[in-house]
Each structure stands twice: as structure tokens, then as C-alpha cells.
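Text of protein_31.txt (compact mmCIF, C-alpha atoms) as supplied:
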# COMPACT_ATOMS: atom_id res chain seq x y z
CA MET A 423 -20.82 -113.81 40.51
CA ALA A 424 -19.09 -113.34 43.85
CA ASN A 425 -16.96 -110.44 42.59
CA LEU A 426 -19.54 -108.70 40.39
CA TYR A 427 -22.77 -109.22 42.31
CA HIS A 428 -21.63 -110.35 45.77
CA ILE A 429 -23.41 -113.71 45.41
CA GLU A 430 -20.99 -115.83 47.44
CA LYS A 431 -22.50 -119.30 47.05
CA CYS A 432 -22.08 -119.65 43.25
CA SER A 433 -19.36 -122.00 42.04
CA GLY A 434 -18.41 -124.22 39.13
CA PRO A 435 -16.76 -123.98 35.74
CA LEU A 436 -18.36 -121.49 33.35
CA GLN A 437 -18.12 -121.79 29.56
CA PHE A 438 -18.89 -118.42 28.06
CA HIS A 439 -18.97 -117.29 24.43
CA LEU A 440 -19.64 -113.69 23.45
CA ASP A 441 -19.53 -111.81 20.15
CA LEU A 442 -19.67 -108.15 21.11
CA SER A 443 -19.18 -104.85 19.32
CA GLY A 444 -19.38 -101.26 20.46
CA TYR A 445 -17.37 -99.03 22.79
CA VAL A 446 -16.58 -100.12 26.36
CA GLY A 447 -16.71 -96.49 27.51
CA ASN A 448 -20.21 -96.20 26.01
CA LEU A 449 -22.15 -99.16 27.46
CA PRO A 450 -25.41 -98.43 25.56
CA SER A 451 -23.47 -98.89 22.29
CA LEU A 452 -22.65 -102.54 23.04
CA THR A 453 -24.42 -105.06 20.80
CA GLY A 454 -23.96 -108.77 20.26
CA GLU A 455 -24.95 -112.22 21.39
CA GLY A 456 -23.54 -115.18 23.26
CA ASP A 457 -24.05 -118.38 25.20
CA PHE A 458 -23.12 -119.55 28.66
CA ASP A 459 -23.07 -122.98 30.26
CA VAL A 460 -22.34 -124.06 33.82
CA ARG A 461 -21.85 -127.73 34.61
CA HIS A 462 -21.11 -129.42 37.94
CA GLY A 463 -21.37 -126.26 40.00
CA TYR A 464 -23.78 -124.50 42.31
CA ILE A 465 -25.96 -121.84 40.74
CA LEU A 466 -28.86 -121.47 43.17
CA SER A 467 -31.35 -123.40 45.26
CA ILE A 468 -34.63 -124.06 43.44
CA PRO A 469 -37.59 -123.50 45.80
CA PHE A 470 -39.66 -126.35 44.36
CA LEU A 471 -42.57 -125.70 46.73
CA GLY A 472 -42.65 -122.03 45.76
CA GLY A 473 -43.09 -119.51 48.56
CA LEU A 474 -43.65 -122.35 51.02
CA SER A 475 -40.05 -123.51 50.43
CA THR A 476 -38.71 -120.09 51.31
CA ALA A 477 -40.84 -119.81 54.44
CA ILE A 478 -39.91 -123.28 55.70
CA SER A 479 -36.22 -122.68 54.91
CA THR A 480 -36.14 -119.86 57.44
CA VAL A 481 -36.83 -122.50 60.11
CA ILE A 482 -35.13 -125.55 58.54
CA PRO A 483 -32.24 -124.37 56.31
CA ASP A 484 -32.49 -125.53 52.66
CA PHE A 485 -35.71 -127.50 53.30
CA ALA A 486 -37.69 -127.99 50.05
CA MET A 487 -34.81 -126.54 48.04
CA ALA A 488 -33.06 -128.41 45.21
CA LYS A 489 -29.46 -127.37 44.54
CA ALA A 490 -29.11 -126.51 40.85
CA ASP A 491 -25.79 -127.54 39.33
CA LYS A 492 -26.35 -126.82 35.59
CA ALA A 493 -27.39 -123.78 33.60
CA HIS A 494 -27.59 -122.74 29.96
CA ALA A 495 -28.75 -119.66 28.08
CA HIS A 496 -28.37 -118.01 24.70
CA PHE A 497 -28.59 -114.23 25.06
CA ARG A 498 -28.48 -110.98 23.12
CA VAL A 499 -26.95 -107.65 24.12
CA GLY A 500 -28.25 -104.26 22.97
CA ASN A 501 -29.46 -100.89 24.25
CA GLY A 502 -27.88 -101.44 27.67
CA GLU A 503 -29.69 -104.73 28.12
CA ILE A 504 -28.99 -108.47 28.09
CA SER A 505 -32.02 -110.57 27.11
CA THR A 506 -32.80 -114.23 26.58
CA GLU A 507 -35.81 -116.03 25.19
CA GLN A 508 -34.96 -119.16 27.17
CA PHE A 509 -32.68 -120.01 30.04
CA THR A 510 -32.59 -123.30 31.93
CA ILE A 511 -31.24 -123.97 35.40
CA ALA A 512 -31.35 -127.61 36.49
CA SER A 513 -30.91 -129.84 39.51
CA VAL A 514 -31.18 -133.61 39.51
CA ALA A 515 -34.97 -133.53 39.99
CA PHE A 516 -36.13 -130.04 38.89
CA THR A 517 -35.59 -127.55 36.09
CA VAL A 518 -36.25 -123.82 36.07
CA ILE A 519 -37.18 -122.63 32.57
CA GLY A 520 -37.55 -118.97 31.88
CA LYS A 521 -36.95 -115.88 29.81
CA GLY A 522 -36.14 -112.34 30.66
CA SER A 523 -33.94 -109.30 30.44
CA TYR A 524 -31.45 -107.46 32.59
CA ASN A 525 -30.73 -103.77 32.07
CA PHE A 526 -27.11 -103.44 33.21
CA LEU A 527 -27.25 -99.64 33.06
CA ARG A 528 -30.01 -99.44 35.69
CA ASP A 529 -29.43 -102.82 37.45
CA ASP A 530 -33.00 -103.80 36.58
CA LEU A 531 -34.11 -107.42 36.11
CA GLU A 532 -37.41 -108.54 34.55
CA ALA A 533 -37.86 -112.32 34.21
CA ASP A 534 -40.50 -115.01 34.04
CA ALA A 535 -39.71 -118.54 35.22
CA ARG A 536 -41.42 -121.88 35.84
CA VAL A 537 -40.26 -124.82 37.96
CA ASN A 538 -40.72 -128.23 36.28
CA LEU A 539 -40.15 -131.73 37.59
CA ARG A 540 -37.58 -133.54 35.40
CA GLY A 541 -38.06 -136.91 33.72
CA PRO A 542 -41.25 -138.79 32.85
CA MET A 543 -43.12 -137.43 35.88
CA GLY A 544 -42.43 -133.92 34.60
CA VAL A 545 -44.45 -134.69 31.47
CA VAL A 546 -47.33 -136.17 33.49
CA LEU A 547 -47.36 -133.30 35.99
CA PHE A 548 -46.77 -130.51 33.45
CA PRO A 549 -50.22 -128.90 34.01
CA ILE A 550 -49.42 -128.61 37.74
CA SER A 551 -46.13 -126.87 36.93
CA LYS A 552 -48.21 -123.92 35.68
CA LEU A 553 -48.94 -123.23 39.37
CA PHE A 554 -45.22 -122.69 39.89
CA GLU A 555 -44.75 -119.80 37.46
CA TYR A 556 -43.13 -116.66 38.82
CA HIS A 557 -42.28 -113.13 37.72
CA GLY A 558 -39.12 -111.57 39.09
CA SER A 559 -38.17 -107.92 39.02
CA GLY A 560 -35.72 -105.60 40.72
CA LYS A 561 -32.00 -105.62 41.33
CA LEU A 562 -30.03 -108.65 40.13
CA THR A 563 -28.68 -109.42 43.61
CA ALA A 564 -32.13 -109.40 45.25
CA PRO A 565 -35.02 -109.67 42.79
CA GLU A 566 -38.56 -109.85 44.11
CA TRP A 567 -40.30 -113.03 42.89
CA LYS A 568 -44.10 -113.18 42.83
CA PRO A 569 -46.38 -116.03 41.76
CA ARG A 570 -47.97 -115.35 38.37
CA ASN A 571 -51.05 -117.52 38.80
CA LEU A 572 -52.01 -117.08 42.46

Taking this structure as input, can you express it in the form of C-alpha cells?
Amino acid sequence: MANLYHIEKCSGPLQFHLDLSGYVGNLPSLTGEGDFDVRHGYILSIPFLGGLSTAISTVIPDFAMAKADKAHAHFRVGNGEISTEQFTIASVAFTVIGKGSYNFLRDDLEADARVNLRGPMGVVLFPISKLFEYHGSGKLTAPEWKPRNL
């Protein structure tokens, strides 16, 4: 992530499996599918209070942010795009569940994600998690996230 997308904070061991066919010199010809898993790393900070987390973090660094250390996704590659029907990014207390696609020819991300509380309280508070659904679009290094239900 640091080398490809200049995201310096990411760390941790990555297990990656990819079955790919096509021509490297012709990126739209690439087709296939794969899986990736990160365990015991740092993927991102989950803003579990939504936009409020981001605003408060400008004053108090990392306030209302949960550091995610696990991630998993199964994905498909085709037509210059990587897509997934479900990805999960998890911290000890929260999980981000989403789906989306990334067009690597145009550096264009389109994703939908929801923040859930983990454990038994996550089941009880599931209806409230619908308030924390977001749509992200734009460049992979700096997507613009907007609330879906507000």
C-alpha cells in the first residue's frame, strides 16, 4: 500500500491468492479472481461515530477511531476493474462490511460500507448501524465518503 498508493500507515502480513489470465501489457484483458487476508496489522482507522469522528479527530488525534487490524475479501478481476460483493475490515469492537469496485485503469473507486458493533451488542444495535452506512467514490488514495441515509 505504501509503495503503490502512498498510504504510509498500513502494515501487517498479507495473504494473497490470485488466479489471473490475460496480457500484462493489455490491462483490460486481465480476468480472474482471488482472496486476500490481513491479520495482526493496521489497515485503517474506523470512524465509528461517522463524520463526527473525523471532525473531532482534527482536534484530538484518533478520537472516536478504532484501529482495524484484520481484513478479508474475495474479489473478481475483469474489464479493467476489481470488484467484491463483500469485504470486511475489523477492529476489536467494530467491523466495516461493504462491497464495491475499483477501476484500476481510471483510478476510480465506488464502494458502499456500513460500520457495525461486534459481538452480542452488534446484533441488538443492528438497526442503528443502518445510520452508519456510507458511499465512497473517487481516487483510491482519497475517496470521498458520504452518508447514505442522512

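Among the candidates A:Ala564, A:Leu442, A:Ala490, A:Val499, the residue lying nearest to Ala512 (chain A) is A:Ala490 (atoms considered: only C-alpha atoms).
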
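Closest approach to Thr506 (chain A) among A:Asp441, A:Glu555, A:Asp491, A:Asp457: A:Asp457, based on all atoms listed in the file.
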
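Taking only C-alpha atoms into account, Ser505 (chain A) lies nearest to A:Ala533 out of the set A:Ala533, A:Val460, A:Leu527, A:Val446.
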
Original post:
In Å to one decimal, how far is CA of Thr563 (chain A) from CA of Arg536 (chain A)?
Top reply: 19.4 Å

Report as AutoDock Vina command-line options the centre and the edge lengths, in Å to one decimal, of the axis-aligned box holding every listed atom of region 512-523 of chain A, padded by 8 Å on each side.
--center_x -34.2 --center_y -121.5 --center_z 34.9 --size_x 22.6 --size_y 40.3 --size_z 26.2

Original post:
What is the distance, in Å and to one decimal place, between CA of Arg540 (chain A) and CA of Val514 (chain A)?
Top reply: 7.6 Å

**OP:** Grab the CA of Ala495 (chain A) to CA of Tyr445 (chain A) distance for me, in Å with one decimal place.
**Re:** 24.1 Å

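Look at everything within 8 Å of (-30.4, -95.7, 23.5) using all atoms listed in the file, and the residues you get are A:Pro450, A:Ser451, A:Asn501, A:Gly502.
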
Writer output for current selection, C-alpha atoms, as a PDB file, keeping the file's coordinate frame:
ATOM      1  CA  PRO A 450     -25.410 -98.430  25.560  1.00  0.00           C
ATOM      2  CA  SER A 451     -23.470 -98.890  22.290  1.00  0.00           C
ATOM      3  CA  ASN A 501     -29.460-100.890  24.250  1.00  0.00           C
ATOM      4  CA  GLY A 502     -27.880-101.440  27.670  1.00  0.00           C
TER       5      GLY A 502
END

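Minimum atom-to-atom distance to Arg528 (chain A), evaluated using all atoms listed in the file, belongs to A:Leu449 out of A:Leu449, A:Ala515, A:Leu440, A:Ala493.
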
**OP:** Could you give me, as an MDAnalysis selection string, the residues that sit within 6 Å of (-20.8, -118.9, 31.5) in the file's coordinates, counting all atoms listed in the file?
**Re:** chainID A and resid 436:438 458:460

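Nearest residue to Lys568 (chain A) among A:Asn525, A:Asn448, A:Pro542, A:Glu532 is A:Glu532, counting all atoms listed in the file.
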